[in-house]
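Participant: So I've got this file, coords-v7.pdb, and it contains PDB, C-alpha atoms:
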```
ATOM      1  CA  MET R   1      25.771  -1.353   4.371  1.00  0.00           C
ATOM      2  CA  ILE R   2      22.382   0.392   4.627  1.00  0.00           C
ATOM      3  CA  LEU R   3      22.181   0.564   0.818  1.00  0.00           C
ATOM      4  CA  LEU R   4      22.577  -3.200   0.460  1.00  0.00           C
ATOM      5  CA  GLU R   5      20.143  -3.769   3.326  1.00  0.00           C
ATOM      6  CA  LEU R   6      17.565  -1.498   1.655  1.00  0.00           C
ATOM      7  CA  PHE R   7      17.975  -3.304  -1.666  1.00  0.00           C
ATOM      8  CA  LEU R   8      17.734  -6.794  -0.144  1.00  0.00           C
ATOM      9  CA  THR R   9      14.798  -5.921   2.120  1.00  0.00           C
ATOM     10  CA  PHE R  10      12.748  -4.420  -0.683  1.00  0.00           C
ATOM     11  CA  PHE R  11      13.833  -7.217  -3.033  1.00  0.00           C
ATOM     12  CA  LYS R  12      12.392  -9.699  -0.525  1.00  0.00           C
ATOM     13  CA  ILE R  13       9.201  -7.648  -0.257  1.00  0.00           C
ATOM     14  CA  GLY R  14       8.868  -7.556  -4.037  1.00  0.00           C
ATOM     15  CA  LEU R  15       9.662 -11.251  -4.365  1.00  0.00           C
ATOM     16  CA  PHE R  16       7.235 -12.598  -1.777  1.00  0.00           C
ATOM     17  CA  THR R  17       4.136 -10.512  -2.383  1.00  0.00           C
ATOM     18  CA  PHE R  18       1.620 -10.883  -5.172  1.00  0.00           C
ATOM     19  CA  GLY R  19      -1.143  -8.481  -6.077  1.00  0.00           C
ATOM     20  CA  GLY R  20       0.618  -5.138  -6.201  1.00  0.00           C
ATOM     21  CA  GLY R  21       1.494  -2.453  -3.709  1.00  0.00           C
ATOM     22  CA  TYR R  22      -1.448  -2.843  -1.362  1.00  0.00           C
ATOM     23  CA  ALA R  23      -0.732  -6.525  -0.907  1.00  0.00           C
ATOM     24  CA  MET R  24       2.828  -5.510   0.014  1.00  0.00           C
ATOM     25  CA  LEU R  25       1.690  -3.236   2.832  1.00  0.00           C
ATOM     26  CA  PRO R  26       1.731  -5.805   5.662  1.00  0.00           C
ATOM     27  CA  LEU R  27       5.232  -6.962   4.713  1.00  0.00           C
ATOM     28  CA  ILE R  28       6.496  -3.391   4.238  1.00  0.00           C
ATOM     29  CA  GLN R  29       5.069  -2.458   7.629  1.00  0.00           C
ATOM     30  CA  GLU R  30       6.642  -5.469   9.316  1.00  0.00           C
ATOM     31  CA  GLU R  31      10.072  -5.053   7.719  1.00  0.00           C
ATOM     32  CA  VAL R  32      10.365  -1.288   8.144  1.00  0.00           C
ATOM     33  CA  THR R  33       9.159  -1.150  11.748  1.00  0.00           C
ATOM     34  CA  ALA R  34      10.949  -4.338  12.882  1.00  0.00           C
ATOM     35  CA  ARG R  35      14.258  -2.982  11.592  1.00  0.00           C
ATOM     36  CA  GLY R  36      13.657   0.266  13.465  1.00  0.00           C
ATOM     37  CA  TRP R  37      13.878   2.274  10.274  1.00  0.00           C
ATOM     38  CA  MET R  38      10.810   4.296  11.244  1.00  0.00           C
ATOM     39  CA  GLU R  39       7.876   4.359  13.608  1.00  0.00           C
ATOM     40  CA  LEU R  40       4.467   3.150  12.445  1.00  0.00           C
ATOM     41  CA  GLN R  41       2.998   6.663  12.434  1.00  0.00           C
ATOM     42  CA  GLN R  42       5.796   7.934  10.202  1.00  0.00           C
ATOM     43  CA  LEU R  43       5.269   4.980   7.862  1.00  0.00           C
ATOM     44  CA  ILE R  44       1.550   5.757   7.707  1.00  0.00           C
ATOM     45  CA  ASP R  45       2.402   9.333   6.734  1.00  0.00           C
ATOM     46  CA  PHE R  46       4.648   7.938   3.980  1.00  0.00           C
ATOM     47  CA  ILE R  47       1.794   5.670   2.862  1.00  0.00           C
ATOM     48  CA  ALA R  48      -0.493   8.702   2.569  1.00  0.00           C
ATOM     49  CA  VAL R  49       2.097  10.576   0.495  1.00  0.00           C
ATOM     50  CA  SER R  50       2.721   7.480  -1.635  1.00  0.00           C
ATOM     51  CA  GLU R  51      -0.992   7.248  -2.328  1.00  0.00           C
ATOM     52  CA  SER R  52      -1.171  10.912  -3.274  1.00  0.00           C
ATOM     53  CA  THR R  53       1.677  10.918  -5.777  1.00  0.00           C
ATOM     54  CA  PRO R  54       1.587   9.513  -9.305  1.00  0.00           C
ATOM     55  CA  GLY R  55       3.072   6.108  -9.963  1.00  0.00           C
ATOM     56  CA  PRO R  56       2.861   2.629  -8.498  1.00  0.00           C
ATOM     57  CA  PHE R  57       2.322   2.586  -4.755  1.00  0.00           C
ATOM     58  CA  ALA R  58       5.090   0.064  -4.002  1.00  0.00           C
ATOM     59  CA  VAL R  59       7.648   2.058  -5.965  1.00  0.00           C
ATOM     60  CA  ASN R  60       6.611   5.287  -4.242  1.00  0.00           C
ATOM     61  CA  ILE R  61       6.811   3.868  -0.719  1.00  0.00           C
ATOM     62  CA  ALA R  62      10.151   2.155  -1.420  1.00  0.00           C
ATOM     63  CA  THR R  63      11.522   5.411  -2.821  1.00  0.00           C
ATOM     64  CA  TYR R  64      10.341   7.416   0.197  1.00  0.00           C
ATOM     65  CA  VAL R  65      11.675   4.941   2.756  1.00  0.00           C
ATOM     66  CA  GLY R  66      15.004   4.695   0.940  1.00  0.00           C
ATOM     67  CA  ALA R  67      15.302   8.488   0.698  1.00  0.00           C
ATOM     68  CA  GLU R  68      14.499   8.887   4.383  1.00  0.00           C
ATOM     69  CA  LEU R  69      17.185   6.397   5.403  1.00  0.00           C
ATOM     70  CA  ALA R  70      19.977   7.077   2.906  1.00  0.00           C
ATOM     71  CA  GLY R  71      19.088   9.956   0.611  1.00  0.00           C
ATOM     72  CA  VAL R  72      19.068   9.608  -3.160  1.00  0.00           C
ATOM     73  CA  ALA R  73      21.261   6.487  -3.146  1.00  0.00           C
ATOM     74  CA  GLY R  74      18.892   4.860  -0.645  1.00  0.00           C
ATOM     75  CA  SER R  75      15.846   5.689  -2.744  1.00  0.00           C
ATOM     76  CA  ILE R  76      17.507   4.191  -5.830  1.00  0.00           C
ATOM     77  CA  CYS R  77      18.494   0.986  -3.989  1.00  0.00           C
ATOM     78  CA  ALA R  78      15.069   0.495  -2.379  1.00  0.00           C
ATOM     79  CA  THR R  79      13.252   1.212  -5.647  1.00  0.00           C
ATOM     80  CA  LEU R  80      15.445  -1.165  -7.648  1.00  0.00           C
ATOM     81  CA  GLY R  81      14.988  -3.778  -4.931  1.00  0.00           C
ATOM     82  CA  VAL R  82      11.202  -3.645  -5.023  1.00  0.00           C
ATOM     83  CA  VAL R  83      10.894  -3.723  -8.839  1.00  0.00           C
ATOM     84  CA  ALA R  84      13.661  -6.227  -9.672  1.00  0.00           C
ATOM     85  CA  PRO R  85      11.713  -9.375  -8.642  1.00  0.00           C
ATOM     86  CA  SER R  86       8.688  -8.393 -10.722  1.00  0.00           C
ATOM     87  CA  PHE R  87      10.890  -7.592 -13.686  1.00  0.00           C
ATOM     88  CA  ILE R  88      12.693 -10.923 -13.447  1.00  0.00           C
ATOM     89  CA  VAL R  89       9.488 -12.925 -12.918  1.00  0.00           C
ATOM     90  CA  ILE R  90       7.705 -11.203 -15.820  1.00  0.00           C
ATOM     91  CA  LEU R  91      10.628 -11.985 -18.126  1.00  0.00           C
ATOM     92  CA  ILE R  92      10.486 -15.659 -17.120  1.00  0.00           C
ATOM     93  CA  VAL R  93       6.685 -15.884 -17.262  1.00  0.00           C
ATOM     94  CA  ALA R  94       6.569 -14.202 -20.670  1.00  0.00           C
ATOM     95  CA  ARG R  95       8.903 -16.858 -22.023  1.00  0.00           C
ATOM     96  CA  ILE R  96       6.963 -19.855 -20.681  1.00  0.00           C
ATOM     97  CA  PHE R  97       3.349 -18.750 -20.100  1.00  0.00           C
ATOM     98  CA  ASP R  98       2.055 -19.697 -23.546  1.00  0.00           C
ATOM     99  CA  ARG R  99       3.137 -23.293 -22.929  1.00  0.00           C
ATOM    100  CA  PHE R 100       1.264 -23.534 -19.622  1.00  0.00           C
ATOM    101  CA  ARG R 101      -1.692 -21.181 -20.132  1.00  0.00           C
ATOM    102  CA  GLU R 102      -4.268 -23.995 -20.289  1.00  0.00           C
ATOM    103  CA  SER R 103      -2.720 -26.029 -17.471  1.00  0.00           C
ATOM    104  CA  ARG R 104      -5.170 -26.895 -14.681  1.00  0.00           C
ATOM    105  CA  THR R 105      -2.381 -26.359 -12.156  1.00  0.00           C
ATOM    106  CA  VAL R 106      -1.620 -22.841 -13.404  1.00  0.00           C
ATOM    107  CA  LYS R 107      -5.329 -21.972 -13.469  1.00  0.00           C
ATOM    108  CA  GLY R 108      -5.673 -23.341  -9.932  1.00  0.00           C
ATOM    109  CA  ILE R 109      -2.725 -21.302  -8.687  1.00  0.00           C
ATOM    110  CA  MET R 110      -4.123 -18.114 -10.219  1.00  0.00           C
ATOM    111  CA  THR R 111      -7.550 -18.811  -8.738  1.00  0.00           C
ATOM    112  CA  GLY R 112      -6.023 -19.477  -5.327  1.00  0.00           C
ATOM    113  CA  LEU R 113      -3.962 -16.286  -5.358  1.00  0.00           C
ATOM    114  CA  LYS R 114      -6.978 -14.005  -5.825  1.00  0.00           C
ATOM    115  CA  PRO R 115      -8.506 -14.457  -2.327  1.00  0.00           C
ATOM    116  CA  ALA R 116      -5.043 -14.311  -0.745  1.00  0.00           C
ATOM    117  CA  VAL R 117      -4.428 -10.927  -2.373  1.00  0.00           C
ATOM    118  CA  VAL R 118      -7.818  -9.638  -1.216  1.00  0.00           C
ATOM    119  CA  GLY R 119      -7.001 -10.827   2.305  1.00  0.00           C
ATOM    120  CA  LEU R 120      -3.612  -9.085   2.303  1.00  0.00           C
ATOM    121  CA  ILE R 121      -5.179  -5.839   1.099  1.00  0.00           C
ATOM    122  CA  GLY R 122      -7.898  -6.137   3.762  1.00  0.00           C
ATOM    123  CA  ALA R 123      -5.295  -6.744   6.472  1.00  0.00           C
ATOM    124  CA  ALA R 124      -3.377  -3.651   5.342  1.00  0.00           C
ATOM    125  CA  VAL R 125      -6.542  -1.521   5.395  1.00  0.00           C
ATOM    126  CA  LEU R 126      -7.437  -2.700   8.892  1.00  0.00           C
ATOM    127  CA  SER R 127      -3.904  -2.174  10.170  1.00  0.00           C
ATOM    128  CA  VAL R 128      -3.682   1.374   8.822  1.00  0.00           C
ATOM    129  CA  ALA R 129      -7.219   2.201  10.012  1.00  0.00           C
ATOM    130  CA  ALA R 130      -6.458   0.906  13.506  1.00  0.00           C
ATOM    131  CA  THR R 131      -3.318   3.016  13.710  1.00  0.00           C
ATOM    132  CA  VAL R 132      -4.992   6.155  12.372  1.00  0.00           C
ATOM    133  CA  PHE R 133      -8.265   5.990  14.302  1.00  0.00           C
ATOM    134  CA  PHE R 134      -7.440   3.896  17.349  1.00  0.00           C
ATOM    135  CA  SER R 135      -3.761   4.639  18.048  1.00  0.00           C
ATOM    136  CA  GLY R 136      -4.517   5.020  21.752  1.00  0.00           C
ATOM    137  CA  GLY R 137      -6.739   1.951  21.776  1.00  0.00           C
ATOM    138  CA  PHE R 138     -10.495   1.781  21.381  1.00  0.00           C
ATOM    139  CA  THR R 139     -11.815   4.083  24.084  1.00  0.00           C
ATOM    140  CA  PRO R 140     -15.030   6.123  24.348  1.00  0.00           C
ATOM    141  CA  ALA R 141     -12.955   9.211  23.459  1.00  0.00           C
ATOM    142  CA  VAL R 142     -12.612   7.836  19.925  1.00  0.00           C
ATOM    143  CA  LEU R 143     -16.338   8.341  19.434  1.00  0.00           C
ATOM    144  CA  TYR R 144     -15.906  12.091  20.015  1.00  0.00           C
ATOM    145  CA  ASP R 145     -13.229  12.433  17.351  1.00  0.00           C
ATOM    146  CA  GLY R 146     -14.741  14.240  14.379  1.00  0.00           C
ATOM    147  CA  TRP R 147     -12.206  12.757  11.968  1.00  0.00           C
ATOM    148  CA  LEU R 148     -13.684   9.306  12.513  1.00  0.00           C
ATOM    149  CA  TYR R 149     -17.046  10.525  11.214  1.00  0.00           C
ATOM    150  CA  VAL R 150     -15.560  12.548   8.360  1.00  0.00           C
ATOM    151  CA  SER R 151     -13.614   9.473   7.255  1.00  0.00           C
ATOM    152  CA  ALA R 152     -16.720   7.303   7.550  1.00  0.00           C
ATOM    153  CA  VAL R 153     -18.709   9.728   5.360  1.00  0.00           C
ATOM    154  CA  ILE R 154     -15.930   9.859   2.753  1.00  0.00           C
ATOM    155  CA  PHE R 155     -15.711   6.046   2.817  1.00  0.00           C
ATOM    156  CA  VAL R 156     -19.471   5.660   2.279  1.00  0.00           C
ATOM    157  CA  LEU R 157     -19.414   8.226  -0.534  1.00  0.00           C
ATOM    158  CA  CYS R 158     -16.525   6.350  -2.166  1.00  0.00           C
ATOM    159  CA  LEU R 159     -18.487   3.089  -1.952  1.00  0.00           C
ATOM    160  CA  ILE R 160     -21.487   4.745  -3.582  1.00  0.00           C
ATOM    161  CA  ALA R 161     -19.242   6.252  -6.270  1.00  0.00           C
ATOM    162  CA  ALA R 162     -17.677   2.836  -6.936  1.00  0.00           C
ATOM    163  CA  LEU R 163     -21.094   1.191  -7.241  1.00  0.00           C
ATOM    164  CA  LYS R 164     -22.204   3.934  -9.642  1.00  0.00           C
ATOM    165  CA  LYS R 165     -18.928   3.414 -11.552  1.00  0.00           C
ATOM    166  CA  LEU R 166     -17.839   7.042 -11.308  1.00  0.00           C
ATOM    167  CA  HIS R 167     -14.403   7.837 -12.673  1.00  0.00           C
ATOM    168  CA  PRO R 168     -11.691   7.282  -9.998  1.00  0.00           C
ATOM    169  CA  VAL R 169     -10.158  10.734 -10.626  1.00  0.00           C
ATOM    170  CA  LEU R 170     -13.508  12.317  -9.752  1.00  0.00           C
ATOM    171  CA  VAL R 171     -13.710  10.234  -6.567  1.00  0.00           C
ATOM    172  CA  ILE R 172     -10.176  11.248  -5.571  1.00  0.00           C
ATOM    173  CA  CYS R 173     -10.887  14.935  -6.207  1.00  0.00           C
ATOM    174  CA  VAL R 174     -14.166  14.883  -4.256  1.00  0.00           C
ATOM    175  CA  SER R 175     -12.471  13.038  -1.368  1.00  0.00           C
ATOM    176  CA  ALA R 176      -9.645  15.589  -1.337  1.00  0.00           C
ATOM    177  CA  VAL R 177     -12.097  18.510  -1.296  1.00  0.00           C
ATOM    178  CA  LEU R 178     -14.094  16.908   1.536  1.00  0.00           C
ATOM    179  CA  GLY R 179     -10.929  16.189   3.534  1.00  0.00           C
ATOM    180  CA  ILE R 180      -9.519  19.682   3.050  1.00  0.00           C
ATOM    181  CA  GLY R 181     -12.883  21.231   3.875  1.00  0.00           C
ATOM    182  CA  ALA R 182     -13.169  19.153   7.031  1.00  0.00           C
ATOM    183  CA  GLY R 183      -9.597  20.098   7.987  1.00  0.00           C
ATOM    184  CA  TYR R 184     -10.406  23.794   7.734  1.00  0.00           C
ATOM    185  CA  ALA R 185     -13.689  23.327   9.605  1.00  0.00           C
ATOM    186  CA  PHE R 186     -11.931  21.535  12.474  1.00  0.00           C
ATOM    187  CA  GLU R 187      -9.269  24.259  12.606  1.00  0.00           C
ATOM    188  CA  LEU R 188     -11.983  26.872  13.106  1.00  0.00           C
ATOM    189  CA  LEU R 189     -13.604  24.931  15.946  1.00  0.00           C
TER     190      LEU R 189
END
```
Will you turn the file into structure tokens for me?

Facilitator:
Amino acid sequence: MILLELFLTFFKIGLFTFGGGYAMLPLIQEEVTARGWMELQQLIDFIAVSESTPGPFAVNIATYVGAELAGVAGSICATLGVVAPSFIVILIVARIFDRFRESRTVKGIMTGLKPAVVGLIGAAVLSVAATVFFSGGFTPAVLYDGWLYVSAVIFVLCLIAALKKLHPVLVICVSAVLGIGAGYAFELL
């Protein structure tokens, strides 16, 4: 039963979200926590691991959630569920897109989807940030947490790197070194 539920849940997530894995985050969060499959903090840990491993984010998170709930069979069902809608839609679109490429309606739909995707990604970022930095609510104690400032510095450096068009692998490596260095520094304190 859990295998079918994993497949159908991730199929729904894959079917109703546009814009890739980050746009799926709010729906993944809602589905996984509402079903009691895992707590939000555990899901955030899975998100961090999914970000750190090669491959598409949505596939990684589906695989991890499925494995956590039902082992290898669960990871296969969740992964197939999340990729099946895209596969089916791409097959259909590939067959008919040339006929409708210049359609004003199709162009309008594509234009309208762009801000929606940006909004979904922004909502996911805010949700994860709130859980990571303000899990106990926004209190004055948050301002004394060194990780808030380390994260802010890494964020600003990433913005600068993006504006200077540095290679993403370099940005990831520098962020990892800064995070690891800060982790060791906080351990010593």

Participant: When you draw a straight line from CA of Tyr22 in chain R to CA of Ile121 in chain R, how long is it in Å?

Facilitator: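 Interatomic distance here is 5.4 Å.
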
Participant: On this structure, the PyMOL selection byres ((chain R and resi 65-75) around 8) would catch which residues? List them as a list in words, sorted by chain and number.

Facilitator: Ile2, Leu3, Leu6, Trp37, Phe46, Ile61, Ala62, Thr63, Tyr64, Ile76, Cys77, Ala78 and Thr79 of chain R

Participant: I'd like the interatomic distance between CA of Gly81 in chain R and CA of Ala58 in chain R, to a tenth of an Å.

Facilitator: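 Interatomic distance here is 10.7 Å.
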
Participant: If you measure from CA of Thr9 in chain R to CA of Val82 in chain R, what distance in Å do you get, rounded to one decimal?

Facilitator: 8.3 Å

Participant: Hey, what's within 12 Å of Phe186 in chain R if we count only C-alpha atoms and toss same-chain stuff fewer than 3 positions away? As a PDB file with C-alpha atoms, in the frame of the given file, please?

Facilitator:
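What follows is the written file out_14.pdb:
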```pdb
ATOM      1  CA  ASP R 145     -13.229  12.433  17.351  1.00  0.00           C
ATOM      2  CA  GLY R 146     -14.741  14.240  14.379  1.00  0.00           C
ATOM      3  CA  TRP R 147     -12.206  12.757  11.968  1.00  0.00           C
ATOM      4  CA  VAL R 150     -15.560  12.548   8.360  1.00  0.00           C
ATOM      5  CA  GLY R 179     -10.929  16.189   3.534  1.00  0.00           C
ATOM      6  CA  ILE R 180      -9.519  19.682   3.050  1.00  0.00           C
ATOM      7  CA  GLY R 181     -12.883  21.231   3.875  1.00  0.00           C
ATOM      8  CA  ALA R 182     -13.169  19.153   7.031  1.00  0.00           C
ATOM      9  CA  GLY R 183      -9.597  20.098   7.987  1.00  0.00           C
ATOM     10  CA  LEU R 189     -13.604  24.931  15.946  1.00  0.00           C
TER      11      LEU R 189
END
```
